[in-house]
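Participant: Below is the file entry.pdb, with PDB, C-alpha atoms, pLDDT in the B column.
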```pdb
MODEL        1
ATOM      1  CA  MET J   1     -53.884 -31.421   2.967  1.00 45.00           C
ATOM      2  CA  ARG J   2     -51.372 -34.284   3.043  1.00 45.00           C
ATOM      3  CA  SER J   3     -48.581 -32.060   1.659  1.00 45.00           C
ATOM      4  CA  ALA J   4     -49.270 -29.441   4.353  1.00 43.00           C
ATOM      5  CA  TRP J   5     -48.980 -32.125   7.070  1.00 43.00           C
ATOM      6  CA  ILE J   6     -45.705 -33.389   5.554  1.00 45.00           C
ATOM      7  CA  SER J   7     -44.360 -29.818   5.450  1.00 44.00           C
ATOM      8  CA  MET J   8     -45.279 -29.256   9.109  1.00 49.00           C
ATOM      9  CA  ALA J   9     -43.716 -32.580  10.129  1.00 46.00           C
ATOM     10  CA  GLY J  10     -40.551 -31.714   8.203  1.00 46.00           C
ATOM     11  CA  ALA J  11     -40.358 -28.298   9.859  1.00 48.00           C
ATOM     12  CA  ALA J  12     -40.808 -29.857  13.309  1.00 46.00           C
ATOM     13  CA  LEU J  13     -38.068 -32.385  12.595  1.00 44.00           C
ATOM     14  CA  TRP J  14     -35.741 -29.631  11.385  1.00 46.00           C
ATOM     15  CA  LEU J  15     -36.408 -27.537  14.519  1.00 48.00           C
ATOM     16  CA  ALA J  16     -35.795 -30.555  16.759  1.00 48.00           C
ATOM     17  CA  ALA J  17     -32.474 -31.191  15.031  1.00 49.00           C
ATOM     18  CA  CYS J  18     -31.417 -27.592  15.667  1.00 52.00           C
ATOM     19  CA  GLY J  19     -32.093 -27.867  19.378  1.00 52.00           C
ATOM     20  CA  GLY J  20     -29.140 -30.114  20.212  1.00 53.00           C
ATOM     21  CA  GLU J  21     -27.050 -29.727  23.298  1.00 57.00           C
ATOM     22  CA  THR J  22     -25.118 -26.494  23.537  1.00 56.00           C
ATOM     23  CA  GLU J  23     -21.415 -26.820  24.247  1.00 63.00           C
ATOM     24  CA  THR J  24     -20.263 -24.613  27.111  1.00 62.00           C
ATOM     25  CA  ARG J  25     -16.750 -23.530  27.977  1.00 61.00           C
ATOM     26  CA  ASP J  26     -15.469 -23.216  31.532  1.00 68.00           C
ATOM     27  CA  VAL J  27     -14.239 -19.634  31.879  1.00 66.00           C
ATOM     28  CA  SER J  28     -13.713 -19.702  35.648  1.00 66.00           C
ATOM     29  CA  GLU J  29      -9.952 -19.352  35.199  1.00 70.00           C
ATOM     30  CA  ALA J  30     -10.073 -17.120  32.110  1.00 78.00           C
ATOM     31  CA  ASP J  31      -8.268 -13.807  31.906  1.00 81.00           C
ATOM     32  CA  ARG J  32     -10.727 -11.036  32.772  1.00 83.00           C
ATOM     33  CA  GLU J  33      -8.229  -8.163  32.614  1.00 87.00           C
ATOM     34  CA  TYR J  34      -7.196  -8.456  28.956  1.00 92.00           C
ATOM     35  CA  GLN J  35     -10.412  -6.858  27.717  1.00 89.00           C
ATOM     36  CA  GLU J  36      -9.090  -3.425  28.738  1.00 91.00           C
ATOM     37  CA  THR J  37      -5.898  -3.983  26.721  1.00 93.00           C
ATOM     38  CA  LEU J  38      -7.898  -5.075  23.684  1.00 94.00           C
ATOM     39  CA  MET J  39     -10.362  -2.187  23.982  1.00 93.00           C
ATOM     40  CA  THR J  40      -7.488   0.304  24.160  1.00 94.00           C
ATOM     41  CA  ALA J  41      -5.784  -1.270  21.127  1.00 95.00           C
ATOM     42  CA  LEU J  42      -9.009  -1.008  19.121  1.00 94.00           C
ATOM     43  CA  LEU J  43      -9.581   2.615  20.160  1.00 93.00           C
ATOM     44  CA  ASP J  44      -5.968   3.595  19.365  1.00 96.00           C
ATOM     45  CA  ALA J  45      -5.790   1.656  16.076  1.00 96.00           C
ATOM     46  CA  ARG J  46      -4.495   3.389  12.953  1.00 96.00           C
ATOM     47  CA  PRO J  47      -4.794   2.262   9.328  1.00 97.00           C
ATOM     48  CA  GLY J  48      -2.427  -0.645   8.652  1.00 96.00           C
ATOM     49  CA  ASP J  49      -2.207  -1.787  12.290  1.00 96.00           C
ATOM     50  CA  VAL J  50      -2.131  -5.455  13.239  1.00 96.00           C
ATOM     51  CA  ILE J  51      -3.570  -6.120  16.690  1.00 95.00           C
ATOM     52  CA  GLU J  52      -2.087  -9.375  18.014  1.00 96.00           C
ATOM     53  CA  ILE J  53      -4.128 -11.245  20.618  1.00 94.00           C
ATOM     54  CA  PRO J  54      -2.086 -13.783  22.617  1.00 94.00           C
ATOM     55  CA  ALA J  55      -3.079 -17.373  23.250  1.00 94.00           C
ATOM     56  CA  GLY J  56      -5.530 -17.827  26.095  1.00 92.00           C
ATOM     57  CA  VAL J  57      -9.171 -17.584  27.071  1.00 91.00           C
ATOM     58  CA  PHE J  58     -10.339 -14.005  27.578  1.00 91.00           C
ATOM     59  CA  VAL J  59     -13.680 -12.953  29.055  1.00 91.00           C
ATOM     60  CA  ILE J  60     -15.100  -9.864  27.357  1.00 91.00           C
ATOM     61  CA  GLU J  61     -17.888  -8.191  29.360  1.00 91.00           C
ATOM     62  CA  ARG J  62     -18.473  -5.166  27.107  1.00 90.00           C
ATOM     63  CA  GLY J  63     -18.946  -4.807  23.373  1.00 90.00           C
ATOM     64  CA  LEU J  64     -15.845  -4.072  21.310  1.00 91.00           C
ATOM     65  CA  SER J  65     -15.839  -1.699  18.342  1.00 92.00           C
ATOM     66  CA  LEU J  66     -13.563  -0.677  15.501  1.00 93.00           C
ATOM     67  CA  THR J  67     -14.039   2.176  13.013  1.00 94.00           C
ATOM     68  CA  VAL J  68     -10.592   2.356  11.341  1.00 95.00           C
ATOM     69  CA  ASP J  69      -9.719   1.130   7.831  1.00 96.00           C
ATOM     70  CA  ASP J  70      -7.095  -1.525   7.067  1.00 97.00           C
ATOM     71  CA  VAL J  71      -6.829  -3.114  10.516  1.00 96.00           C
ATOM     72  CA  THR J  72      -6.082  -6.777  11.156  1.00 95.00           C
ATOM     73  CA  ILE J  73      -6.948  -8.511  14.410  1.00 95.00           C
ATOM     74  CA  ARG J  74      -4.852 -11.669  14.693  1.00 96.00           C
ATOM     75  CA  GLY J  75      -5.136 -14.425  17.264  1.00 95.00           C
ATOM     76  CA  GLN J  76      -2.850 -17.418  17.714  1.00 96.00           C
ATOM     77  CA  GLY J  77      -5.247 -20.023  16.298  1.00 94.00           C
ATOM     78  CA  MET J  78      -8.837 -21.189  16.587  1.00 91.00           C
ATOM     79  CA  ASP J  79      -8.174 -23.335  19.662  1.00 90.00           C
ATOM     80  CA  GLU J  80      -5.490 -21.048  21.101  1.00 94.00           C
ATOM     81  CA  THR J  81      -7.068 -17.582  21.259  1.00 94.00           C
ATOM     82  CA  ILE J  82     -10.628 -17.590  22.578  1.00 92.00           C
ATOM     83  CA  LEU J  83     -12.712 -14.498  23.232  1.00 91.00           C
ATOM     84  CA  SER J  84     -15.681 -15.434  25.400  1.00 90.00           C
ATOM     85  CA  PHE J  85     -18.647 -13.051  25.288  1.00 88.00           C
ATOM     86  CA  ALA J  86     -20.775 -15.395  27.435  1.00 86.00           C
ATOM     87  CA  GLU J  87     -20.717 -12.941  30.354  1.00 85.00           C
ATOM     88  CA  GLN J  88     -21.166  -9.787  28.263  1.00 86.00           C
ATOM     89  CA  ARG J  89     -23.174  -7.249  30.233  1.00 83.00           C
ATOM     90  CA  GLN J  90     -22.880  -4.190  28.027  1.00 80.00           C
ATOM     91  CA  GLY J  91     -23.313  -3.742  24.282  1.00 76.00           C
ATOM     92  CA  ALA J  92     -25.463  -5.589  21.780  1.00 77.00           C
ATOM     93  CA  GLU J  93     -22.603  -7.011  19.701  1.00 83.00           C
ATOM     94  CA  GLY J  94     -19.421  -8.858  20.581  1.00 88.00           C
ATOM     95  CA  LEU J  95     -17.315  -6.965  18.024  1.00 90.00           C
ATOM     96  CA  LEU J  96     -18.864  -4.214  15.911  1.00 90.00           C
ATOM     97  CA  VAL J  97     -16.837  -3.083  12.896  1.00 91.00           C
ATOM     98  CA  SER J  98     -18.507  -0.104  11.249  1.00 90.00           C
ATOM     99  CA  GLY J  99     -17.347   2.256   8.541  1.00 88.00           C
ATOM    100  CA  ALA J 100     -14.035   0.383   8.257  1.00 88.00           C
ATOM    101  CA  ASP J 101     -12.843  -0.981   4.921  1.00 91.00           C
ATOM    102  CA  ASN J 102     -10.396  -3.879   4.537  1.00 92.00           C
ATOM    103  CA  PHE J 103     -10.905  -5.287   8.025  1.00 92.00           C
ATOM    104  CA  THR J 104      -9.322  -8.713   8.586  1.00 93.00           C
ATOM    105  CA  LEU J 105      -9.858 -11.169  11.427  1.00 92.00           C
ATOM    106  CA  GLU J 106      -7.325 -14.020  11.521  1.00 94.00           C
ATOM    107  CA  ASN J 107      -6.878 -17.113  13.675  1.00 92.00           C
TER     108      ASN J 107
ENDMDL
END
```
Taking this structure as input, can you express it in the form of structure tokens?
Facilitator:
Amino acid sequence: MRSAWISMAGAALWLAACGGETETRDVSEADREYQETLMTALLDARPGDVIEIPAGVFVIERGLSLTVDDVTIRGQGMDETILSFAEQRQGAEGLLVSGADNFTLEN
């Protein structure tokens, strides 16, 4: 009985630790037009392509998808290229890569 109580207390403590404050990013001045450029690049991608995403904050409102082998999507760095899916209204995933081998996501 005591071990069950300790397990429940430990689980409650673990859940409380996971519920910390969520960091939010202000996207009020983010680029909302770039998503069309990125979607087109993903749809037109051919094996061996490198899709370069510039520095900036980009709001993506629809799910992105890729189905081509050997494609690299490259940003300008973790704090430089930011894709925000916070306002996504369509699609269940942010970026769905299916049936594509050797996919690389950099920076």
Participant: Any chance you could work out the residue set of the PyMOL selection byres ((chain J and resi 78) around 12) here, as a PDB file with C-alpha atoms, in the frame of the given file?
Facilitator:
```pdb
ATOM      1  CA  ILE J  53      -4.128 -11.245  20.618  1.00 94.00           C
ATOM      2  CA  PRO J  54      -2.086 -13.783  22.617  1.00 94.00           C
ATOM      3  CA  ALA J  55      -3.079 -17.373  23.250  1.00 94.00           C
ATOM      4  CA  GLY J  56      -5.530 -17.827  26.095  1.00 92.00           C
ATOM      5  CA  VAL J  57      -9.171 -17.584  27.071  1.00 91.00           C
ATOM      6  CA  ARG J  74      -4.852 -11.669  14.693  1.00 96.00           C
ATOM      7  CA  GLY J  75      -5.136 -14.425  17.264  1.00 95.00           C
ATOM      8  CA  GLN J  76      -2.850 -17.418  17.714  1.00 96.00           C
ATOM      9  CA  GLY J  77      -5.247 -20.023  16.298  1.00 94.00           C
ATOM     10  CA  ASP J  79      -8.174 -23.335  19.662  1.00 90.00           C
ATOM     11  CA  GLU J  80      -5.490 -21.048  21.101  1.00 94.00           C
ATOM     12  CA  THR J  81      -7.068 -17.582  21.259  1.00 94.00           C
ATOM     13  CA  ILE J  82     -10.628 -17.590  22.578  1.00 92.00           C
ATOM     14  CA  LEU J  83     -12.712 -14.498  23.232  1.00 91.00           C
ATOM     15  CA  LEU J 105      -9.858 -11.169  11.427  1.00 92.00           C
ATOM     16  CA  GLU J 106      -7.325 -14.020  11.521  1.00 94.00           C
ATOM     17  CA  ASN J 107      -6.878 -17.113  13.675  1.00 92.00           C
TER      18      ASN J 107
END
```
Participant: Please give the centre and size of the box around stretch 92-107 of chain J (axis-aligned, containing every atom listed in the file, 8 Å added per side), with values in Å to one decimal and written as JSON.
Facilitator:
```
{"center_x": -16.2, "center_y": -7.4, "center_z": 13.2, "size_x": 34.6, "size_y": 35.4, "size_z": 33.2}
```
Participant: One decimal, Å: what's the distance from atom CA of J:Arg46 over to atom CA of J:Thr67, could you say?
Facilitator: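 Atom-to-atom, atom CA of J:Arg46 and atom CA of J:Thr67 are spaced 9.6 Å apart.
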Participant: With all atoms listed in the file as the basis for distance, which of J:Ala86, J:Ala92, J:Val59, J:Leu64 is at the shortest distance from J:Asp31?
Facilitator: J:Val59
Participant: By how many Å are atom CA of J:Arg89 and atom CA of J:Asp69 apart?
Facilitator: 27.4 Å
Participant: Once the PyMOL selection byres ((chain J and resi 49) around 8) is applied to the coordinates I shared, what remains selected? I want it as a ChimeraX atom specification.
Facilitator: /J:45-48,50-51,70-72
Participant: I need the chosen residues saved as an mmCIF file, in the frame of the given file, with C-alpha atoms.
Facilitator:
```cif
data_model
loop_
_atom_site.group_PDB
_atom_site.id
_atom_site.type_symbol
_atom_site.label_atom_id
_atom_site.label_comp_id
_atom_site.auth_asym_id
_atom_site.auth_seq_id
_atom_site.Cartn_x
_atom_site.Cartn_y
_atom_site.Cartn_z
ATOM 1 C CA ALA J 45 -5.790 1.656 16.076
ATOM 2 C CA ARG J 46 -4.495 3.389 12.953
ATOM 3 C CA PRO J 47 -4.794 2.262 9.328
ATOM 4 C CA GLY J 48 -2.427 -0.645 8.652
ATOM 5 C CA VAL J 50 -2.131 -5.455 13.239
ATOM 6 C CA ILE J 51 -3.570 -6.120 16.690
ATOM 7 C CA ASP J 70 -7.095 -1.525 7.067
ATOM 8 C CA VAL J 71 -6.829 -3.114 10.516
ATOM 9 C CA THR J 72 -6.082 -6.777 11.156
#
```
Participant: Would you translate the PyMOL selection byres ((chain J and resi 100) around 7) into the concrete set of residues it matches in this file, as JSON, numbers by chain?
Facilitator: {"J": [67, 68, 69, 97, 98, 99, 101, 102, 103]}
Participant: If you keep C-alpha atoms, can you produce a file of those selected residues as a PDB file, keeping the file's coordinate frame?
Facilitator:
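The resulting again_15.pdb:
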```pdb
ATOM      1  CA  THR J  67     -14.039   2.176  13.013  1.00 94.00           C
ATOM      2  CA  VAL J  68     -10.592   2.356  11.341  1.00 95.00           C
ATOM      3  CA  ASP J  69      -9.719   1.130   7.831  1.00 96.00           C
ATOM      4  CA  VAL J  97     -16.837  -3.083  12.896  1.00 91.00           C
ATOM      5  CA  SER J  98     -18.507  -0.104  11.249  1.00 90.00           C
ATOM      6  CA  GLY J  99     -17.347   2.256   8.541  1.00 88.00           C
ATOM      7  CA  ASP J 101     -12.843  -0.981   4.921  1.00 91.00           C
ATOM      8  CA  ASN J 102     -10.396  -3.879   4.537  1.00 92.00           C
ATOM      9  CA  PHE J 103     -10.905  -5.287   8.025  1.00 92.00           C
TER      10      PHE J 103
END
```
Participant: Please compute the atom CA of J:Leu38-atom CA of J:Gln90 distance, one decimal, in Å.
Facilitator: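 Straight-line distance from atom CA of J:Leu38 to atom CA of J:Gln90 works out to 15.6 Å.
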Participant: Measuring between only C-alpha atoms, which one of J:Asp44, J:Arg32, J:Glu61, J:Met39 shows the shortest distance to J:Glu87?
Facilitator: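 Closest to J:Glu87 of all the choices is J:Glu61.
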Participant: Which is closest to J:Gly94 among J:Ala30, J:Gln35, J:Ser65, J:Ile73, if we use all atoms listed in the file?
Facilitator: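 When distances to J:Gly94 are compared using all atoms listed in the file, the smallest one comes from J:Ser65.
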Participant: Write stretch 50-76 of chain J as a compact mmCIF listing (two decimals), keeping the file's coordinate frame, completed to N, CA, C and O atoms.
Facilitator:
```
# COMPACT_ATOMS: atom_id res chain seq x y z
N VAL J 50 -1.80 -4.06 12.96
CA VAL J 50 -2.13 -5.46 13.24
C VAL J 50 -2.21 -5.57 14.76
O VAL J 50 -1.24 -5.31 15.46
N ILE J 51 -3.37 -5.94 15.25
CA ILE J 51 -3.57 -6.12 16.69
C ILE J 51 -3.43 -7.61 16.98
O ILE J 51 -4.24 -8.42 16.53
N GLU J 52 -2.37 -7.97 17.69
CA GLU J 52 -2.09 -9.38 18.01
C GLU J 52 -2.73 -9.71 19.36
O GLU J 52 -2.48 -9.03 20.35
N ILE J 53 -3.52 -10.76 19.38
CA ILE J 53 -4.13 -11.24 20.62
C ILE J 53 -3.39 -12.52 21.00
O ILE J 53 -3.28 -13.45 20.19
N PRO J 54 -2.85 -12.60 22.22
CA PRO J 54 -2.09 -13.78 22.62
C PRO J 54 -2.98 -15.01 22.79
O PRO J 54 -4.21 -14.91 22.79
N ALA J 55 -2.35 -16.15 22.96
CA ALA J 55 -3.08 -17.37 23.25
C ALA J 55 -3.69 -17.26 24.64
O ALA J 55 -3.12 -16.63 25.53
N GLY J 56 -4.86 -17.83 24.80
CA GLY J 56 -5.53 -17.83 26.10
C GLY J 56 -7.03 -17.70 25.92
O GLY J 56 -7.54 -17.52 24.82
N VAL J 57 -7.72 -17.78 27.04
CA VAL J 57 -9.17 -17.58 27.07
C VAL J 57 -9.41 -16.25 27.76
O VAL J 57 -8.95 -16.04 28.89
N PHE J 58 -10.13 -15.36 27.08
CA PHE J 58 -10.34 -14.00 27.58
C PHE J 58 -11.83 -13.72 27.67
O PHE J 58 -12.56 -13.87 26.69
N VAL J 59 -12.29 -13.32 28.84
CA VAL J 59 -13.68 -12.95 29.06
C VAL J 59 -13.84 -11.49 28.67
O VAL J 59 -13.11 -10.62 29.16
N ILE J 60 -14.80 -11.22 27.80
CA ILE J 60 -15.10 -9.86 27.36
C ILE J 60 -16.50 -9.54 27.86
O ILE J 60 -17.47 -10.18 27.48
N GLU J 61 -16.61 -8.53 28.73
CA GLU J 61 -17.89 -8.19 29.36
C GLU J 61 -18.58 -7.01 28.71
O GLU J 61 -19.73 -6.72 29.03
N ARG J 62 -17.88 -6.31 27.80
CA ARG J 62 -18.47 -5.17 27.11
C ARG J 62 -18.23 -5.32 25.62
O ARG J 62 -17.25 -5.92 25.19
N GLY J 63 -19.11 -4.74 24.82
CA GLY J 63 -18.95 -4.81 23.37
C GLY J 63 -17.68 -4.10 22.92
O GLY J 63 -17.27 -3.10 23.51
N LEU J 64 -17.04 -4.66 21.90
CA LEU J 64 -15.84 -4.07 21.31
C LEU J 64 -16.24 -3.40 20.00
O LEU J 64 -17.17 -3.85 19.33
N SER J 65 -15.52 -2.35 19.61
CA SER J 65 -15.84 -1.70 18.34
C SER J 65 -14.58 -1.21 17.65
O SER J 65 -13.56 -0.92 18.30
N LEU J 66 -14.67 -1.14 16.33
CA LEU J 66 -13.56 -0.68 15.50
C LEU J 66 -14.15 0.14 14.36
O LEU J 66 -15.11 -0.29 13.72
N THR J 67 -13.55 1.31 14.08
CA THR J 67 -14.04 2.18 13.01
C THR J 67 -12.91 2.65 12.11
O THR J 67 -13.05 3.66 11.42
N VAL J 68 -11.78 1.94 12.09
CA VAL J 68 -10.59 2.36 11.34
C VAL J 68 -10.36 1.39 10.18
O VAL J 68 -10.48 0.18 10.34
N ASP J 69 -10.01 1.94 9.01
CA ASP J 69 -9.72 1.13 7.83
C ASP J 69 -8.42 0.34 7.99
O ASP J 69 -7.52 0.76 8.71
N ASP J 70 -8.33 -0.75 7.22
CA ASP J 70 -7.10 -1.52 7.07
C ASP J 70 -6.49 -2.01 8.38
O ASP J 70 -5.29 -1.90 8.59
N VAL J 71 -7.32 -2.56 9.25
CA VAL J 71 -6.83 -3.11 10.52
C VAL J 71 -7.02 -4.63 10.50
O VAL J 71 -8.03 -5.14 10.03
N THR J 72 -6.02 -5.33 11.01
CA THR J 72 -6.08 -6.78 11.16
C THR J 72 -6.05 -7.11 12.64
O THR J 72 -5.22 -6.59 13.37
N ILE J 73 -6.98 -7.96 13.06
CA ILE J 73 -6.95 -8.51 14.41
C ILE J 73 -6.53 -9.96 14.25
O ILE J 73 -7.18 -10.73 13.54
N ARG J 74 -5.43 -10.34 14.89
CA ARG J 74 -4.85 -11.67 14.69
C ARG J 74 -4.69 -12.39 16.02
O ARG J 74 -3.99 -11.95 16.91
N GLY J 75 -5.32 -13.55 16.12
CA GLY J 75 -5.14 -14.42 17.26
C GLY J 75 -4.03 -15.42 16.99
O GLY J 75 -3.33 -15.33 15.97
N GLN J 76 -3.90 -16.40 17.85
CA GLN J 76 -2.85 -17.42 17.71
C GLN J 76 -3.38 -18.74 17.17
O GLN J 76 -2.63 -19.71 17.08
```
